[in-house]
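What follows is the content of target.cif (mmCIF, C-alpha atoms).
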```cif
data_query
loop_
_atom_site.label_atom_id
_atom_site.label_comp_id
_atom_site.auth_asym_id
_atom_site.auth_seq_id
_atom_site.Cartn_x
_atom_site.Cartn_y
_atom_site.Cartn_z
CA MET A 1 119.08 89.21 125.50
CA THR A 2 119.92 86.72 128.23
CA PRO A 3 121.74 83.38 128.33
CA ASP A 4 118.35 81.66 128.47
CA SER A 5 115.64 83.94 127.14
CA ASN A 6 112.91 81.54 128.31
CA ASN A 7 113.68 82.50 131.89
CA VAL A 8 112.34 86.03 131.45
CA PHE A 9 108.85 84.50 131.15
CA ARG A 10 109.13 82.48 134.38
CA LEU A 11 107.63 83.99 137.48
CA ALA A 12 109.88 84.94 140.36
CA ARG A 13 109.96 82.83 143.47
CA ALA A 14 107.46 83.46 146.27
CA SER A 15 107.68 86.87 147.89
CA GLY A 16 107.03 88.22 151.35
CA SER A 17 108.19 86.00 154.19
CA GLU A 18 109.85 83.71 151.62
CA TRP A 19 112.32 86.42 150.65
CA THR A 20 115.83 86.28 151.98
CA PRO A 21 116.79 89.34 154.09
CA THR A 22 119.03 90.55 151.26
CA ALA A 23 116.20 90.27 148.73
CA ALA A 24 113.80 92.06 151.10
CA GLN A 25 116.26 94.93 151.54
CA ILE A 26 116.65 95.36 147.77
CA MET A 27 112.89 95.24 147.16
CA LEU A 28 112.33 97.73 149.98
CA GLY A 29 114.75 100.14 148.36
CA ARG A 30 113.07 99.78 144.97
CA GLU A 31 109.62 100.44 146.43
CA MET A 32 110.93 103.48 148.32
CA LYS A 33 112.42 104.87 145.12
CA GLN A 34 109.19 104.32 143.21
CA LEU A 35 107.16 106.09 145.90
CA ARG A 36 109.57 109.01 145.90
CA GLU A 37 109.41 109.36 142.12
CA GLN A 38 105.62 109.15 142.14
CA ALA A 39 105.64 112.02 144.62
CA GLY A 40 107.80 114.04 142.22
CA LEU A 41 110.69 114.32 144.65
CA THR A 42 114.43 114.10 144.13
CA GLN A 43 116.60 112.25 146.62
CA SER A 44 117.74 115.60 148.00
CA GLY A 45 114.16 116.84 148.30
CA LEU A 46 113.05 113.76 150.21
CA ALA A 47 116.16 113.91 152.39
CA ARG A 48 115.39 117.48 153.43
CA SER A 49 111.79 116.56 154.20
CA VAL A 50 112.73 113.69 156.56
CA HIS A 51 115.84 115.39 157.96
CA VAL A 52 118.50 112.99 156.68
CA SER A 53 121.29 113.37 154.15
CA ALA A 54 120.80 112.72 150.44
CA SER A 55 123.44 109.99 150.69
CA THR A 56 121.28 108.25 153.32
CA VAL A 57 118.33 108.19 150.91
CA ASN A 58 120.60 106.96 148.12
CA ARG A 59 121.93 104.11 150.29
CA LEU A 60 118.38 103.17 151.29
CA GLU A 61 117.19 103.01 147.68
CA HIS A 62 120.24 101.03 146.56
CA ALA A 63 120.21 98.66 149.57
CA GLU A 64 123.71 99.65 150.61
CA GLY A 65 124.70 99.15 154.24
CA ALA A 66 122.36 98.25 157.07
CA THR A 67 118.69 99.21 156.82
CA VAL A 68 117.90 101.80 159.50
CA LYS A 69 114.36 101.39 160.81
CA ARG A 70 114.09 105.03 161.91
CA THR A 71 114.90 106.29 158.41
CA VAL A 72 112.49 103.90 156.70
CA GLN A 73 109.69 104.82 159.09
CA ALA A 74 110.30 108.54 158.52
CA VAL A 75 110.07 108.08 154.74
CA ILE A 76 106.89 106.00 155.05
CA ASP A 77 105.28 108.58 157.33
CA PHE A 78 106.14 111.41 154.93
CA LEU A 79 105.15 109.71 151.63
CA LYS A 80 101.95 108.21 153.11
CA PRO A 81 101.48 105.10 150.92
CA ASP A 82 98.12 103.32 150.95
CA VAL A 83 97.36 100.76 153.64
CA SER A 84 98.36 97.77 151.53
CA MET A 85 101.70 99.27 150.51
CA HIS A 86 102.28 100.52 154.07
CA ASP A 87 101.93 96.99 155.42
CA THR A 88 104.11 95.57 152.63
CA LEU A 89 106.89 98.05 153.39
CA LEU A 90 106.83 97.23 157.08
CA MET A 91 106.97 93.50 156.27
CA MET A 92 109.96 94.11 153.98
CA LEU A 93 111.63 96.18 156.68
CA ALA A 94 111.19 93.46 159.31
CA ARG A 95 112.57 90.80 156.97
CA ALA A 96 115.48 93.00 155.85
CA GLN A 97 116.63 93.41 159.44
CA GLU A 98 116.89 89.69 160.07
CA PRO A 99 120.35 88.09 159.82
CA GLU A 100 121.25 86.06 156.76
CA TRP A 101 121.89 82.34 157.14
CA PHE A 102 125.66 82.80 156.89
CA GLN A 103 125.67 85.57 159.50
CA LYS A 104 124.23 83.26 162.14
CA ARG A 105 126.91 80.57 162.03
CA PHE A 106 129.60 81.56 159.55
CA SER A 107 130.14 85.29 159.99
CA ASP A 108 133.85 84.83 160.69
CA CYS A 109 134.52 82.87 157.50
CA THR A 110 132.25 84.66 155.01
CA PRO A 111 133.95 87.63 153.31
CA GLU A 112 131.81 90.74 153.19
CA TYR A 113 132.08 91.00 149.40
CA LEU A 114 130.23 87.66 149.14
CA HIS A 115 127.30 88.65 151.36
CA ARG A 116 125.04 89.90 148.58
CA LEU A 117 125.72 86.93 146.31
CA LEU A 118 125.07 84.37 149.06
CA GLY A 119 121.95 86.25 150.11
CA LEU A 120 120.46 86.18 146.60
CA GLU A 121 121.54 82.89 144.98
CA SER A 122 118.66 80.88 146.41
CA MET A 123 116.16 83.40 145.00
CA ALA A 124 117.37 82.98 141.41
CA ILE A 125 115.47 80.93 138.86
CA HIS A 126 118.50 80.71 136.55
CA LEU A 127 122.27 80.97 137.07
CA THR A 128 125.03 81.39 134.54
CA THR A 129 128.50 81.18 136.08
CA TYR A 130 132.01 81.31 134.70
CA ASP A 131 134.97 80.12 136.77
CA VAL A 132 138.50 80.60 135.58
CA ARG A 133 140.71 78.52 137.87
CA LEU A 134 138.63 76.15 139.98
CA VAL A 135 135.44 74.11 139.84
CA SER A 136 132.42 76.27 140.64
CA GLY A 137 131.87 76.43 144.39
CA LEU A 138 128.29 75.23 143.94
CA LEU A 139 129.56 72.02 142.30
CA GLN A 140 132.58 71.13 144.45
CA THR A 141 132.90 67.94 146.44
CA GLN A 142 133.77 68.34 150.11
CA ASP A 143 137.25 66.88 149.63
CA TYR A 144 137.96 69.21 146.70
CA SER A 145 136.74 72.17 148.78
CA SER A 146 138.92 71.02 151.67
CA CYS A 147 142.02 71.08 149.48
CA VAL A 148 141.14 74.55 148.17
CA ILE A 149 140.41 75.96 151.62
CA ARG A 150 143.62 74.60 153.14
CA THR A 151 145.71 76.70 150.79
CA GLY A 152 144.29 79.80 152.53
CA LEU A 153 144.82 78.54 156.09
CA HIS A 154 147.90 78.19 158.25
CA ARG A 155 149.03 74.56 158.47
CA SER A 156 148.08 74.52 162.18
CA GLU A 157 144.42 75.11 161.15
CA TRP A 158 144.22 72.27 158.63
CA GLU A 159 142.51 69.81 160.97
CA GLY A 160 140.74 72.25 163.28
CA GLU A 161 137.48 74.09 163.68
CA ALA A 162 138.38 76.76 161.11
CA LEU A 163 138.45 74.20 158.29
CA ASP A 164 135.27 72.45 159.46
CA ARG A 165 133.34 75.72 159.61
CA ARG A 166 134.35 76.71 156.10
CA LEU A 167 133.41 73.29 154.75
CA SER A 168 130.04 73.46 156.51
CA GLN A 169 129.40 76.89 155.03
CA ARG A 170 130.11 75.66 151.49
CA GLN A 171 127.88 72.61 151.96
CA GLU A 172 125.00 74.70 153.30
CA ARG A 173 125.38 77.07 150.36
CA GLN A 174 125.05 74.17 147.93
CA ASP A 175 122.04 72.80 149.81
CA ARG A 176 120.27 76.17 149.81
CA VAL A 177 120.74 76.71 146.07
CA LEU A 178 120.85 73.38 144.23
CA GLY A 179 119.28 71.35 147.04
CA GLN A 180 115.95 73.20 146.85
CA ILE A 181 112.79 71.36 145.87
CA ASP A 182 112.71 73.58 142.77
CA PRO A 183 116.38 74.42 142.13
CA PRO A 184 117.38 77.08 139.62
CA SER A 185 118.48 75.96 136.19
CA GLY A 186 122.18 76.56 135.79
CA ILE A 187 124.78 76.94 133.06
CA PHE A 188 128.20 76.39 134.60
CA LEU A 189 131.08 77.52 132.39
CA MET A 190 134.57 76.57 133.51
CA ASP A 191 137.97 77.03 131.94
CA GLU A 192 139.37 73.83 130.48
CA SER A 193 142.38 74.22 132.78
CA VAL A 194 140.08 73.26 135.68
CA LEU A 195 140.27 69.68 134.37
CA LEU A 196 144.08 69.76 134.52
CA ARG A 197 144.83 71.88 137.59
CA ARG A 198 145.70 69.52 140.44
CA VAL A 199 143.97 70.71 143.59
CA GLY A 200 144.51 67.45 145.47
CA PRO A 201 145.59 63.81 144.98
CA ASP A 202 144.17 61.55 142.27
CA ASP A 203 141.29 60.23 144.37
CA VAL A 204 140.10 63.77 145.17
CA MET A 205 140.36 64.87 141.55
CA ARG A 206 138.61 61.75 140.27
CA ALA A 207 135.72 62.10 142.74
CA GLN A 208 135.28 65.74 141.68
CA MET A 209 135.21 64.82 137.99
CA VAL A 210 132.73 62.01 138.70
CA LYS A 211 130.44 64.44 140.50
CA LEU A 212 130.59 66.90 137.60
CA ARG A 213 129.84 64.10 135.14
CA ARG A 214 126.82 63.04 137.19
CA LEU A 215 125.56 66.61 137.51
CA ALA A 216 125.97 67.15 133.76
CA ASP A 217 123.22 64.57 133.17
CA LEU A 218 120.67 66.43 135.31
CA PRO A 219 117.98 68.28 133.31
CA TYR A 220 118.54 71.60 135.08
CA VAL A 221 122.38 71.59 134.94
CA THR A 222 124.51 72.40 131.90
CA ILE A 223 128.29 72.14 132.21
CA ARG A 224 130.54 73.51 129.48
CA PHE A 225 134.29 74.05 129.31
CA VAL A 226 135.93 77.12 127.80
CA LEU A 227 138.55 75.66 125.50
CA LEU A 228 142.18 76.65 125.93
CA ASP A 229 142.34 77.43 122.21
CA GLY A 230 139.00 79.28 122.28
CA MET A 231 138.24 82.63 120.69
CA ILE A 232 139.20 86.04 122.07
CA ALA A 233 136.12 86.15 124.31
CA GLY A 234 137.63 83.37 126.36
CA ASN A 235 140.87 85.33 126.72
CA ALA A 236 138.99 88.44 127.83
CA ALA A 237 137.06 86.40 130.39
CA ALA A 238 140.25 84.89 131.76
CA MET A 239 141.56 88.39 132.43
CA ALA A 240 138.25 89.51 133.94
CA GLY A 241 138.07 86.69 136.48
CA SER A 242 135.06 84.70 137.65
CA MET A 243 131.58 85.98 136.81
CA ALA A 244 127.97 85.01 137.38
CA GLN A 245 124.60 86.21 136.15
CA LEU A 246 121.56 85.69 138.35
CA GLN A 247 118.06 85.88 136.84
CA PHE A 248 115.11 86.21 139.18
CA GLY A 249 112.10 85.96 136.89
CA ARG A 250 109.12 88.14 136.08
CA GLY A 251 108.00 90.30 139.01
CA GLY A 252 111.14 89.62 141.03
CA LEU A 253 114.45 91.27 141.73
CA PRO A 254 116.39 92.93 138.92
CA ASP A 255 118.79 90.51 137.24
CA LEU A 256 122.41 91.05 138.18
CA VAL A 257 125.93 90.24 137.07
CA TYR A 258 128.54 89.48 139.72
CA THR A 259 132.26 89.73 139.00
CA GLU A 260 134.93 88.53 141.40
CA GLY A 261 138.56 89.51 141.79
CA TYR A 262 141.09 88.87 144.55
CA GLU A 263 139.17 89.43 147.80
CA THR A 264 136.77 91.84 146.06
CA ALA A 265 133.61 91.72 143.97
CA GLU A 266 131.35 94.02 141.96
CA TYR A 267 127.58 93.79 141.42
CA TYR A 268 125.90 95.22 138.31
CA TYR A 269 122.10 95.33 138.05
CA ARG A 270 120.07 95.15 134.89
CA PRO A 271 118.62 98.59 134.05
CA PRO A 272 114.78 98.73 133.99
CA ARG A 273 114.80 99.39 130.23
CA ARG A 274 116.80 101.04 127.49
CA PRO A 275 116.35 104.85 127.53
CA ARG A 276 114.04 106.33 124.91
CA ALA A 277 114.96 109.27 122.72
CA GLY A 278 115.41 112.39 124.82
CA GLU A 279 115.81 110.47 128.09
CA LYS A 280 118.98 110.31 130.15
CA PRO A 281 121.47 107.75 128.80
CA LEU A 282 122.42 104.76 130.89
CA THR A 283 124.99 105.36 133.58
CA PRO A 284 128.43 103.76 133.16
CA ARG A 285 127.50 101.20 135.83
CA GLN A 286 124.30 100.26 133.98
CA ASN A 287 126.34 99.87 130.80
CA ASP A 288 128.71 97.61 132.74
CA TYR A 289 125.84 95.16 133.26
CA GLU A 290 125.31 94.90 129.51
CA ARG A 291 129.04 94.68 128.85
CA HIS A 292 129.58 91.77 131.24
CA LEU A 293 126.43 90.00 130.09
CA GLN A 294 127.58 90.21 126.48
CA LEU A 295 130.93 88.74 127.50
CA LEU A 296 129.16 85.75 129.08
CA LEU A 297 127.12 85.31 125.90
CA ARG A 298 130.24 85.48 123.74
CA ILE A 299 132.03 82.92 125.90
CA GLN A 300 129.18 80.47 125.30
CA GLY A 301 128.89 81.27 121.61
CA GLU A 302 132.54 81.49 120.62
CA ALA A 303 134.80 79.78 123.15
CA CYS A 304 132.94 76.88 124.75
CA ALA A 305 132.84 73.18 124.04
CA SER A 306 129.31 71.89 123.53
CA PRO A 307 127.59 70.14 126.46
CA SER A 308 128.14 66.73 124.83
CA GLN A 309 131.81 67.49 124.11
CA SER A 310 132.20 68.72 127.69
CA ARG A 311 130.83 65.42 129.00
CA ARG A 312 133.41 63.58 126.91
CA MET A 313 136.11 65.83 128.35
CA LEU A 314 134.93 64.83 131.83
CA ASP A 315 135.03 61.16 130.87
CA ALA A 316 138.65 61.60 129.77
CA ALA A 317 139.50 63.42 133.02
CA ILE A 318 137.96 60.60 135.09
CA LYS A 319 140.08 58.09 133.18
CA ARG A 320 143.20 60.22 133.64
CA TYR A 321 142.80 60.35 137.43
CA SER A 322 141.82 56.68 137.81
#
```

Turn the structure described in the file into structure tokens.
Amino acid sequence: MTPDSNNVFRLARASGSEWTPTAAQIMLGREMKQLREQAGLTQSGLARSVHVSASTVNRLEHAEGATVKRTVQAVIDFLKPDVSMHDTLLMMLARAQEPEWFQKRFSDCTPEYLHRLLGLESMAIHLTTYDVRLVSGLLQTQDYSSCVIRTGLHRSEWEGEALDRRLSQRQERQDRVLGQIDPPSGIFLMDESVLLRRVGPDDVMRAQMVKLRRLADLPYVTIRFVLLDGMIAGNAAAMAGSMAQLQFGRGGLPDLVYTEGYETAEYYYRPPRRPRAGEKPLTPRQNDYERHLQLLLRIQGEACASPSQSRRMLDAAIKRYS
């Protein structure tokens, strides 16, 4: 079950050269794993055959770390896929080795734990996010973002290049995700305290609430607030921190759940299917995907104001800051 079951029937976005480098790296790893399994090889068996460590094969298949061309070429040469697959793998490899958009201009202000999220958001067809303390980064005004960013900078950097670069990065992120010709549909869950927590002066807060109210009327955006007196799911989510689920559509990347803590993040991918009788059970990490997804579903079902009630809450917030 997913937050919007209709999305599982939507096709993924265009593949090939349209993939982001991060998406290409993940798809390359999946295809390599499938070829290995079709050949009846374990990771250790393939590693011995191409003279690398088993951990190298594991990192390749799970898209962890940089993609090493020499290793990929050795695996391709050994497994001997057909011409079509051979060309596809080389195309994925070339794309995977290109820098991401944030690595070209914003490498110094983009934490490593965010790299995978920022590299995949624009590929999603549906997003479900939950933010505990602040307005979702994809929905922030520039002035609101500026106030948030300044809290993490030394006062001497408040008017300098460091602030401008971070603001430019956030704006480009919004443009790449919600500014697409065909943007993903999104359910943005935020704690009710976001309406009350003063990030900046009245004019900044009012402009942010006005933007949220305008976005809430768009057909592909749903904004809901997790009530302060909500059910236990809301309390559990508050302890867990911010979360997001990305759905990529039929034929695309595996759906994932992203959880964020203080300067750290975890990524959990949807398992291909539930194991049948006699098959290996899901790993703890695969179970973590289901556990976090169910928490998101419970937040919406048990702890959230309805979309219409949330719009009224925004109207009240606009009035309060006016």

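Taking atom CA of Ser44 of chain A as the reference point, atom CA of Asn58 of chain A is found at 9.1 Å.
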
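Nearest residue to Ser146 of chain A, choosing from A:Ile187, A:Val75, A:Val199, A:Leu60 and counting all atoms listed in the file: A:Val199.
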
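Distances to Ile125 of chain A were evaluated for A:Leu297, A:Leu138, A:Leu246, A:Val52 using all atoms listed in the file, and the minimum falls at A:Leu246.
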
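Minimum atom-to-atom distances from A:Arg176, A:Arg213, A:Arg59, A:Arg13 to Met32 of chain A were compared using all atoms listed in the file, and the lowest value belongs to A:Arg59.
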
Tell me which residues the PyMOL selection byres ((chain A and resi 289) around 8) grabs here, as a ChimeraX atom specification. /A:256-257,268-270,285-288,290-293

Written file, previous selection with C-alpha atoms, as a short mmCIF file (atom, residue, chain, number, x, y, z; two decimals), in the frame of the given file:
```
data_model
loop_
_atom_site.label_atom_id
_atom_site.label_comp_id
_atom_site.auth_asym_id
_atom_site.auth_seq_id
_atom_site.Cartn_x
_atom_site.Cartn_y
_atom_site.Cartn_z
CA LEU A 256 122.41 91.05 138.18
CA VAL A 257 125.93 90.24 137.07
CA TYR A 268 125.90 95.22 138.31
CA TYR A 269 122.10 95.33 138.05
CA ARG A 270 120.07 95.15 134.89
CA ARG A 285 127.50 101.20 135.83
CA GLN A 286 124.30 100.26 133.98
CA ASN A 287 126.34 99.87 130.80
CA ASP A 288 128.71 97.61 132.74
CA GLU A 290 125.31 94.90 129.51
CA ARG A 291 129.04 94.68 128.85
CA HIS A 292 129.58 91.77 131.24
CA LEU A 293 126.43 90.00 130.09
#
```

If you count all atoms listed in the file, which residues fall within 12 Å of Ala54 of chain A, apart from same-chain ones fewer than 5 positions away, as an NGL selection string? :A and (41-49 or 59-61 or 71)

Residues within 12 Å of (143.6, 55.9, 140.0), file coords, all atoms listed in the file, listed as an MDAnalysis selection string: chainID A and resid 201:207 317:322

Residues as selected, C-alpha atoms, written as a PDB file, keeping the file's coordinate frame, can you do that?
```pdb
ATOM      1  CA  PRO A 201     145.590  63.810 144.980  1.00  0.00           C
ATOM      2  CA  ASP A 202     144.170  61.550 142.270  1.00  0.00           C
ATOM      3  CA  ASP A 203     141.290  60.230 144.370  1.00  0.00           C
ATOM      4  CA  VAL A 204     140.100  63.770 145.170  1.00  0.00           C
ATOM      5  CA  MET A 205     140.360  64.870 141.550  1.00  0.00           C
ATOM      6  CA  ARG A 206     138.610  61.750 140.270  1.00  0.00           C
ATOM      7  CA  ALA A 207     135.720  62.100 142.740  1.00  0.00           C
ATOM      8  CA  ALA A 317     139.500  63.420 133.020  1.00  0.00           C
ATOM      9  CA  ILE A 318     137.960  60.600 135.090  1.00  0.00           C
ATOM     10  CA  LYS A 319     140.080  58.090 133.180  1.00  0.00           C
ATOM     11  CA  ARG A 320     143.200  60.220 133.640  1.00  0.00           C
ATOM     12  CA  TYR A 321     142.800  60.350 137.430  1.00  0.00           C
ATOM     13  CA  SER A 322     141.820  56.680 137.810  1.00  0.00           C
TER      14      SER A 322
END
```

I'd like the neighbourhood of Val72 of chain A as a PyMOL selection string, where a residue qualifies if any of its atoms comes within 9 Å (using all atoms listed in the file), though same-chain residues fewer than 5 positions away should be ignored. chain A and resi 32+60+67+77+89-90+93

Please enumerate the residues selected by the PyMOL selection byres ((chain A and resi 117) around 12) when evaluated against the supplied file, formatted as number ranges by chain. A: 20, 22-23, 100, 102, 110-116, 118-124, 127, 173, 177, 243-246, 255-260, 265-268

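Of note, atom CA of Gly200 of chain A and atom CA of Gln140 of chain A are spaced 12.5 Å apart.
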
Check what the PyMOL selection byres ((chain A and resi 304) around 8) selects in the file above and give those residues as a ChimeraX atom specification. /A:189,224-227,230,299-303,305-306

Judged by only C-alpha atoms, the minimum distance to Leu163 of chain A among A:Leu139, A:Val194, A:Cys109, A:Ala74 is found for A:Cys109
